[in-house]
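K.L.:
Enclosed is the structure file my_file-v1.pdb (PDB, N, CA and C atoms).
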ATOM      1  N   MET A  27      63.498 -32.453-117.373
ATOM      2  CA  MET A  27      63.539 -33.864-117.006
ATOM      3  C   MET A  27      62.196 -34.255-116.407
ATOM      4  N   MET A  28      61.715 -35.432-116.795
ATOM      5  CA  MET A  28      60.426 -35.912-116.297
ATOM      6  C   MET A  28      60.586 -36.435-114.878
ATOM      7  N   PRO A  29      59.581 -36.198-114.033
ATOM      8  CA  PRO A  29      59.643 -36.778-112.687
ATOM      9  C   PRO A  29      59.575 -38.297-112.798
ATOM     10  N   PHE A  30      60.140 -38.963-111.847
ATOM     11  CA  PHE A  30      60.145 -40.422-111.916
ATOM     12  C   PHE A  30      59.650 -41.019-110.611
ATOM     13  N   MET A  31      59.222 -42.265-110.705
ATOM     14  CA  MET A  31      58.757 -43.006-109.546
ATOM     15  C   MET A  31      59.674 -44.218-109.397
ATOM     16  N   ARG A  32      60.170 -44.402-108.233
ATOM     17  CA  ARG A  32      61.021 -45.553-107.971
ATOM     18  C   ARG A  32      60.132 -46.687-107.503
ATOM     19  N   THR A  33      60.273 -47.857-108.124
ATOM     20  CA  THR A  33      59.432 -48.999-107.770
ATOM     21  C   THR A  33      60.201 -50.290-107.988
ATOM     22  N   THR A  34      59.679 -51.353-107.417
ATOM     23  CA  THR A  34      60.259 -52.678-107.627
ATOM     24  C   THR A  34      59.393 -53.402-108.635
ATOM     25  N   LEU A  35      60.022 -53.976-109.625
ATOM     26  CA  LEU A  35      59.309 -54.646-110.701
ATOM     27  C   LEU A  35      59.867 -56.053-110.853
ATOM     28  N   THR A  36      58.997 -57.038-110.848
ATOM     29  CA  THR A  36      59.431 -58.424-111.049
ATOM     30  C   THR A  36      59.272 -58.756-112.520
ATOM     31  N   ILE A  37      60.394 -59.097-113.154
ATOM     32  CA  ILE A  37      60.401 -59.388-114.586
ATOM     33  C   ILE A  37      60.816 -60.841-114.776
ATOM     34  N   ASP A  38      60.120 -61.546-115.657
ATOM     35  CA  ASP A  38      60.491 -62.924-115.966
ATOM     36  C   ASP A  38      61.923 -62.960-116.490
ATOM     37  N   ASP A  39      62.604 -64.081-116.226
ATOM     38  CA  ASP A  39      64.014 -64.208-116.605
ATOM     39  C   ASP A  39      64.238 -64.007-118.099
ATOM     40  N   ASP A  40      63.348 -64.562-118.925
ATOM     41  CA  ASP A  40      63.552 -64.435-120.372
ATOM     42  C   ASP A  40      63.409 -62.974-120.815
ATOM     43  N   LEU A  41      62.474 -62.232-120.215
ATOM     44  CA  LEU A  41      62.320 -60.814-120.557
ATOM     45  C   LEU A  41      63.499 -59.990-120.052
ATOM     46  N   ALA A  42      63.977 -60.309-118.868
ATOM     47  CA  ALA A  42      65.127 -59.586-118.329
ATOM     48  C   ALA A  42      66.328 -59.771-119.257
ATOM     49  N   GLY A  43      66.513 -60.985-119.760
ATOM     50  CA  GLY A  43      67.623 -61.239-120.685
ATOM     51  C   GLY A  43      67.485 -60.426-121.966
ATOM     52  N   LEU A  44      66.266 -60.382-122.505
ATOM     53  CA  LEU A  44      66.030 -59.612-123.723
ATOM     54  C   LEU A  44      66.253 -58.113-123.481
ATOM     55  N   LEU A  45      65.792 -57.625-122.334
ATOM     56  CA  LEU A  45      65.973 -56.205-122.019
ATOM     57  C   LEU A  45      67.444 -55.846-121.824
ATOM     58  N   LYS A  46      68.202 -56.723-121.168
ATOM     59  CA  LYS A  46      69.639 -56.473-120.977
ATOM     60  C   LYS A  46      70.344 -56.442-122.328
ATOM     61  N   GLU A  47      69.965 -57.376-123.204
ATOM     62  CA  GLU A  47      70.562 -57.427-124.545
ATOM     63  C   GLU A  47      70.225 -56.150-125.313
ATOM     64  N   ARG A  48      68.989 -55.706-125.203
ATOM     65  CA  ARG A  48      68.548 -54.479-125.879
ATOM     66  C   ARG A  48      69.307 -53.258-125.343
ATOM     67  N   ALA A  49      69.515 -53.214-124.044
ATOM     68  CA  ALA A  49      70.240 -52.098-123.436
ATOM     69  C   ALA A  49      71.670 -52.055-123.961
ATOM     70  N   ARG A  50      72.307 -53.241-124.080
ATOM     71  CA  ARG A  50      73.678 -53.296-124.610
ATOM     72  C   ARG A  50      73.707 -52.827-126.059
ATOM     73  N   GLU A  51      72.731 -53.279-126.875
ATOM     74  CA  GLU A  51      72.675 -52.882-128.288
ATOM     75  C   GLU A  51      72.530 -51.370-128.442
ATOM     76  N   LEU A  52      71.683 -50.769-127.593
ATOM     77  CA  LEU A  52      71.430 -49.327-127.692
ATOM     78  C   LEU A  52      72.463 -48.490-126.949
ATOM     79  N   GLY A  53      73.235 -49.147-126.065
ATOM     80  CA  GLY A  53      74.231 -48.429-125.277
ATOM     81  C   GLY A  53      73.586 -47.533-124.224
ATOM     82  N   VAL A  54      72.477 -48.016-123.660
ATOM     83  CA  VAL A  54      71.766 -47.248-122.626
ATOM     84  C   VAL A  54      71.678 -48.093-121.363
ATOM     85  N   PRO A  55      71.426 -47.462-120.206
ATOM     86  CA  PRO A  55      71.256 -48.234-118.978
ATOM     87  C   PRO A  55      70.017 -49.139-119.066
ATOM     88  N   PHE A  56      70.015 -50.156-118.237
ATOM     89  CA  PHE A  56      68.920 -51.133-118.219
ATOM     90  C   PHE A  56      67.578 -50.451-118.003
ATOM     91  N   LYS A  57      67.501 -49.511-117.040
ATOM     92  CA  LYS A  57      66.213 -48.873-116.753
ATOM     93  C   LYS A  57      65.716 -48.067-117.942
ATOM     94  N   GLU A  58      66.627 -47.488-118.717
ATOM     95  CA  GLU A  58      66.223 -46.753-119.923
ATOM     96  C   GLU A  58      65.644 -47.702-120.963
ATOM     97  N   ALA A  59      66.247 -48.877-121.103
ATOM     98  CA  ALA A  59      65.720 -49.871-122.044
ATOM     99  C   ALA A  59      64.321 -50.332-121.613
ATOM    100  N   VAL A  60      64.126 -50.523-120.307
ATOM    101  CA  VAL A  60      62.802 -50.915-119.797
ATOM    102  C   VAL A  60      61.782 -49.823-120.095
ATOM    103  N   ASN A  61      62.124 -48.576-119.776
ATOM    104  CA  ASN A  61      61.202 -47.461-120.009
ATOM    105  C   ASN A  61      60.849 -47.316-121.485
ATOM    106  N   ARG A  62      61.840 -47.400-122.364
ATOM    107  CA  ARG A  62      61.578 -47.280-123.802
ATOM    108  C   ARG A  62      60.659 -48.402-124.280
ATOM    109  N   THR A  63      60.906 -49.605-123.786
ATOM    110  CA  THR A  63      60.105 -50.759-124.205
ATOM    111  C   THR A  63      58.658 -50.615-123.739
ATOM    112  N   ILE A  64      58.479 -50.165-122.510
ATOM    113  CA  ILE A  64      57.123 -49.969-121.992
ATOM    114  C   ILE A  64      56.408 -48.872-122.783
ATOM    115  N   ARG A  65      57.098 -47.754-123.046
ATOM    116  CA  ARG A  65      56.489 -46.674-123.823
ATOM    117  C   ARG A  65      56.089 -47.150-125.215
ATOM    118  N   ALA A  66      56.963 -47.924-125.843
ATOM    119  CA  ALA A  66      56.656 -48.421-127.188
ATOM    120  C   ALA A  66      55.445 -49.350-127.148
ATOM    121  N   GLY A  67      55.401 -50.206-126.145
ATOM    122  CA  GLY A  67      54.263 -51.125-126.027
ATOM    123  C   GLY A  67      52.959 -50.402-125.766
ATOM    124  N   LEU A  68      53.006 -49.399-124.895
ATOM    125  CA  LEU A  68      51.795 -48.627-124.616
ATOM    126  C   LEU A  68      51.358 -47.834-125.840
ATOM    127  N   GLY A  69      52.308 -47.326-126.586
ATOM    128  CA  GLY A  69      51.971 -46.583-127.806
ATOM    129  C   GLY A  69      51.278 -47.464-128.821
ATOM    130  N   GLU A  70      51.726 -48.697-128.970
ATOM    131  CA  GLU A  70      51.089 -49.632-129.898
ATOM    132  C   GLU A  70      49.679 -49.963-129.433
ATOM    133  N   ALA A  71      49.490 -50.107-128.127
ATOM    134  CA  ALA A  71      48.163 -50.424-127.601
ATOM    135  C   ALA A  71      47.190 -49.292-127.888
ATOM    136  N   VAL A  72      47.654 -48.051-127.757
ATOM    137  CA  VAL A  72      46.782 -46.906-128.030
ATOM    138  C   VAL A  72      46.430 -46.857-129.504
ATOM    139  N   ARG A  73      47.408 -47.081-130.372
ATOM    140  CA  ARG A  73      47.143 -47.062-131.808
ATOM    141  C   ARG A  73      46.191 -48.184-132.195
ATOM    142  N   ALA A  74      46.376 -49.354-131.609
ATOM    143  CA  ALA A  74      45.508 -50.490-131.941
ATOM    144  C   ALA A  74      44.087 -50.241-131.464
ATOM    145  N   ARG A  75      43.938 -49.573-130.335
ATOM    146  CA  ARG A  75      42.620 -49.313-129.772
ATOM    147  C   ARG A  75      41.838 -48.324-130.625
ATOM    148  N   ARG A  76      42.522 -47.357-131.184
ATOM    149  CA  ARG A  76      41.832 -46.322-131.962
ATOM    150  C   ARG A  76      41.167 -46.934-133.185
ATOM    151  N   GLY A  77      41.901 -47.640-133.997
ATOM    152  CA  GLY A  77      41.348 -48.301-135.170
ATOM    153  C   GLY A  77      40.451 -47.398-135.995
ATOM    154  N   LYS A  78      39.578 -48.024-136.758
ATOM    155  CA  LYS A  78      38.642 -47.287-137.589
ATOM    156  C   LYS A  78      37.431 -46.882-136.767
ATOM    157  N   THR A  79      36.898 -45.726-137.087
ATOM    158  CA  THR A  79      35.689 -45.259-136.423
ATOM    159  C   THR A  79      34.501 -46.024-136.996
ATOM    160  N   PRO A  80      33.665 -46.607-136.130
ATOM    161  CA  PRO A  80      32.516 -47.343-136.653
ATOM    162  C   PRO A  80      31.538 -46.406-137.356
ATOM    163  N   LYS A  81      30.934 -46.879-138.407
ATOM    164  CA  LYS A  81      29.970 -46.097-139.167
ATOM    165  C   LYS A  81      28.563 -46.509-138.760
ATOM    166  N   THR A  82      27.697 -45.536-138.609
ATOM    167  CA  THR A  82      26.302 -45.796-138.274
ATOM    168  C   THR A  82      25.490 -45.785-139.549
ATOM    169  N   LYS A  83      24.718 -46.848-139.755
ATOM    170  CA  LYS A  83      23.871 -46.928-140.937
ATOM    171  C   LYS A  83      22.436 -46.631-140.521
ATOM    172  N   PRO A  84      21.831 -45.581-141.073
ATOM    173  CA  PRO A  84      20.453 -45.269-140.706
ATOM    174  C   PRO A  84      19.500 -46.333-141.248
ATOM    175  N   HIS A  85      18.429 -46.533-140.534
ATOM    176  CA  HIS A  85      17.439 -47.525-140.934
ATOM    177  C   HIS A  85      16.056 -47.030-140.551
ATOM    178  N   SER A  86      15.116 -47.159-141.441
ATOM    179  CA  SER A  86      13.742 -46.766-141.146
ATOM    180  C   SER A  86      13.038 -47.937-140.472
ATOM    181  N   PHE A  87      12.495 -47.700-139.279
ATOM    182  CA  PHE A  87      11.810 -48.764-138.558
ATOM    183  C   PHE A  87      10.313 -48.781-138.839
ATOM    184  N   GLY A  88       9.835 -47.860-139.659
ATOM    185  CA  GLY A  88       8.446 -47.859-140.058
ATOM    186  C   GLY A  88       7.475 -47.335-139.010
ATOM    187  N   PHE A  89       7.926 -46.533-138.050
ATOM    188  CA  PHE A  89       7.014 -45.958-137.061
ATOM    189  C   PHE A  89       6.185 -44.864-137.720
ATOM    190  N   ARG A  90       4.961 -44.776-137.293
ATOM    191  CA  ARG A  90       4.078 -43.739-137.818
ATOM    192  C   ARG A  90       4.495 -42.377-137.274
ATOM    193  N   PRO A  91       4.191 -41.335-138.026
ATOM    194  CA  PRO A  91       4.473 -39.990-137.521
ATOM    195  C   PRO A  91       3.684 -39.750-136.228
ATOM    196  N   GLY A  92       4.306 -39.053-135.309
ATOM    197  CA  GLY A  92       3.646 -38.754-134.049
ATOM    198  C   GLY A  92       4.042 -39.677-132.921
ATOM    199  N   ILE A  93       4.741 -40.794-133.210
ATOM    200  CA  ILE A  93       5.198 -41.703-132.162
ATOM    201  C   ILE A  93       6.535 -41.181-131.654
ATOM    202  N   ASP A  94       6.598 -40.911-130.362
ATOM    203  CA  ASP A  94       7.807 -40.367-129.749
ATOM    204  C   ASP A  94       8.766 -41.513-129.445
ATOM    205  N   LEU A  95       9.813 -41.616-130.234
ATOM    206  CA  LEU A  95      10.763 -42.722-130.077
ATOM    207  C   LEU A  95      11.534 -42.633-128.769
ATOM    208  N   ASP A  96      11.598 -41.449-128.170
ATOM    209  CA  ASP A  96      12.307 -41.295-126.898
ATOM    210  C   ASP A  96      11.535 -41.911-125.744
ATOM    211  N   LYS A  97      10.249 -42.210-125.939
ATOM    212  CA  LYS A  97       9.437 -42.754-124.857
ATOM    213  C   LYS A  97       9.053 -44.212-125.095
ATOM    214  N   LEU A  98       9.775 -44.897-125.957
ATOM    215  CA  LEU A  98       9.458 -46.307-126.222
ATOM    216  C   LEU A  98       9.672 -47.172-124.992
ATOM    217  N   GLY A  99      10.687 -46.851-124.171
ATOM    218  CA  GLY A  99      10.913 -47.605-122.937
ATOM    219  C   GLY A  99       9.734 -47.468-121.996
ATOM    220  N   GLN A 100       9.204 -46.260-121.880
ATOM    221  CA  GLN A 100       8.047 -46.027-121.017
ATOM    222  C   GLN A 100       6.840 -46.795-121.543
ATOM    223  N   LEU A 101       6.623 -46.784-122.852
ATOM    224  CA  LEU A 101       5.516 -47.526-123.454
ATOM    225  C   LEU A 101       5.655 -49.017-123.178
ATOM    226  N   ALA A 102       6.870 -49.554-123.316
ATOM    227  CA  ALA A 102       7.103 -50.980-123.056
ATOM    228  C   ALA A 102       6.800 -51.313-121.597
ATOM    229  N   ASP A 103       7.195 -50.438-120.665
ATOM    230  CA  ASP A 103       6.899 -50.660-119.240
ATOM    231  C   ASP A 103       5.396 -50.675-118.987
ATOM    232  N   GLU A 104       4.680 -49.736-119.599
ATOM    233  CA  GLU A 104       3.233 -49.670-119.398
ATOM    234  C   GLU A 104       2.547 -50.914-119.951
ATOM    235  N   LEU A 105       2.967 -51.356-121.141
ATOM    236  CA  LEU A 105       2.371 -52.556-121.733
ATOM    237  C   LEU A 105       2.667 -53.791-120.887
ATOM    238  N   GLU A 106       3.883 -53.871-120.356
ATOM    239  CA  GLU A 106       4.256 -54.996-119.503
ATOM    240  C   GLU A 106       3.434 -54.987-118.217
ATOM    241  N   SER A 107       3.225 -53.811-117.645
ATOM    242  CA  SER A 107       2.418 -53.689-116.422
ATOM    243  C   SER A 107       0.984 -54.117-116.675
ATOM    244  N   GLU A 108       0.419 -53.690-117.814
ATOM    245  CA  GLU A 108      -0.948 -54.074-118.150
ATOM    246  C   GLU A 108      -1.056 -55.582-118.348
ATOM    247  N   ALA A 109      -0.088 -56.158-119.035
ATOM    248  CA  ALA A 109      -0.117 -57.608-119.271
ATOM    249  C   ALA A 109      -0.016 -58.362-117.950
ATOM    250  N   PHE A 110       0.809 -57.889-117.034
ATOM    251  CA  PHE A 110       0.937 -58.532-115.729
ATOM    252  C   PHE A 110      -0.367 -58.425-114.953
ATOM    253  N   ALA A 111      -0.984 -57.239-114.996
ATOM    254  CA  ALA A 111      -2.239 -57.036-114.275
ATOM    255  C   ALA A 111      -3.328 -57.973-114.808
ATOM    256  N   VAL A 112      -3.392 -58.145-116.115
ATOM    257  CA  VAL A 112      -4.386 -59.046-116.706
ATOM    258  C   VAL A 112      -4.094 -60.487-116.317
ATOM    259  N   SER A 113      -2.819 -60.873-116.340
ATOM    260  CA  SER A 113      -2.475 -62.270-116.040
ATOM    261  C   SER A 113      -2.696 -62.630-114.574
ATOM    262  N   THR A 114      -2.655 -61.662-113.699
ATOM    263  CA  THR A 114      -2.864 -61.940-112.275
ATOM    264  C   THR A 114      -4.273 -61.597-111.812
ATOM    265  N   GLY A 115      -5.122 -61.152-112.756
ATOM    266  CA  GLY A 115      -6.489 -60.823-112.399
ATOM    267  C   GLY A 115      -6.623 -59.508-111.685
ATOM    268  N   MET A 116      -5.631 -58.652-111.781
ATOM    269  CA  MET A 116      -5.668 -57.363-111.092
ATOM    270  C   MET A 116      -5.978 -56.229-112.059
ATOM    271  N   SER A 117      -6.641 -56.529-113.179
ATOM    272  CA  SER A 117      -6.903 -55.466-114.146
ATOM    273  C   SER A 117      -7.901 -54.483-113.570
ATOM    274  N   GLY A 118      -7.926 -53.302-114.113
ATOM    275  CA  GLY A 118      -8.778 -52.252-113.585
ATOM    276  C   GLY A 118      -7.980 -51.358-112.685
ATOM    277  N   ASP A 119      -8.657 -50.478-111.988
ATOM    278  CA  ASP A 119      -7.978 -49.560-111.086
ATOM    279  C   ASP A 119      -7.450 -50.294-109.870
ATOM    280  N   PRO A 120      -6.270 -49.953-109.412
ATOM    281  CA  PRO A 120      -5.740 -50.607-108.218
ATOM    282  C   PRO A 120      -6.561 -50.199-106.997
ATOM    283  N   PRO A 121      -6.741 -51.089-106.031
ATOM    284  CA  PRO A 121      -7.504 -50.737-104.836
ATOM    285  C   PRO A 121      -6.779 -49.651-104.054
ATOM    286  N   ARG A 122      -7.552 -48.783-103.440
ATOM    287  CA  ARG A 122      -6.963 -47.705-102.651
ATOM    288  C   ARG A 122      -6.732 -48.190-101.241
ATOM    289  N   ARG A 123      -5.627 -47.720-100.657
ATOM    290  CA  ARG A 123      -5.320 -48.111 -99.281
ATOM    291  C   ARG A 123      -6.140 -47.258 -98.333
ATOM    292  N   GLN A 124      -6.553 -47.890 -97.254
ATOM    293  CA  GLN A 124      -7.280 -47.177 -96.219
ATOM    294  C   GLN A 124      -6.261 -46.430 -95.362
ATOM    295  N   ARG A 125      -6.599 -45.207 -94.986
ATOM    296  CA  ARG A 125      -5.715 -44.477 -94.090
ATOM    297  C   ARG A 125      -5.917 -44.997 -92.677
ATOM    298  N   SER A 126      -4.815 -45.165 -91.988
ATOM    299  CA  SER A 126      -4.944 -45.590 -90.603
ATOM    300  C   SER A 126      -5.361 -44.401 -89.759
ATOM    301  N   ARG A 127      -6.216 -44.667 -88.803
ATOM    302  CA  ARG A 127      -6.701 -43.562 -87.954
ATOM    303  C   ARG A 127      -5.735 -43.390 -86.794
ATOM    304  N   SER A 128      -5.480 -42.145 -86.492
ATOM    305  CA  SER A 128      -4.582 -41.883 -85.377
ATOM    306  C   SER A 128      -5.305 -42.164 -84.072
ATOM    307  N   ARG A 129      -4.591 -42.551 -83.065
ATOM    308  CA  ARG A 129      -5.181 -42.883 -81.764
ATOM    309  C   ARG A 129      -5.017 -41.749 -80.775
ATOM    310  N   ALA A 130      -5.134 -40.562 -81.237
ATOM    311  CA  ALA A 130      -4.934 -39.405 -80.355
ATOM    312  C   ALA A 130      -6.104 -39.145 -79.455
TER     313      ALA A 130
END
With the file now loaded, output its structure as structure tokens.

P.N.:
Amino acid sequence: MMPFMRTTLTIDDDLAGLLKERARELGVPFKEAVNRTIRAGLGEAVRARRGKTPKTKPHSFGFRPGIDLDKLGQLADELESEAFAVSTGMSGDPPRRQRSRSRA
């Protein structure tokens, strides 16, 4: 026997009527009709979610040999940084910070 959890569930009147009718048709207690209905609904949701597996279509992007596609994000960041530096007039090497002298 499966372990069970006792809980309070608020069901709309129209659903309660349908569940009671279903329980009478099947000759099972009301809680059994509720459990069966929930299991059936969850099973349909799982089946609907699985669906077809998406297919991946390969595509040649025309990159030259030797370009590391795993580092394209890094390249984009570097190009963006250079463009920002040029637009703000900060091109060239960044200025070095002066070390503060200790007052010992």

K.L.:
Kindly give the distance, in Å, that separates atom C of Phe56 in chain A and atom C of Ala42 in chain A, rounded to a single decimal.

P.N.:
9.5 Å

K.L.:
Grab the CA of Glu70 in chain A to CA of Lys83 in chain A distance for me, in Å with one decimal place.

P.N.:
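These atoms are spaced 29.5 Å apart.
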
K.L.:
Here is a test: counting only C-alpha atoms, which residue of A:Val112, A:Leu95, A:Val60, A:Leu35 is nearest to Glu47 in chain A?

P.N.:
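Between A:Val112, A:Leu95, A:Val60, A:Leu35, the residue approaching Glu47 in chain A most closely is A:Val60.
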
K.L.:
Using Å and a single decimal, report how far CA of Asp103 in chain A sits from CA of Met116 in chain A.

P.N.:
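Computing it gives 16.4 Å between the two atoms.
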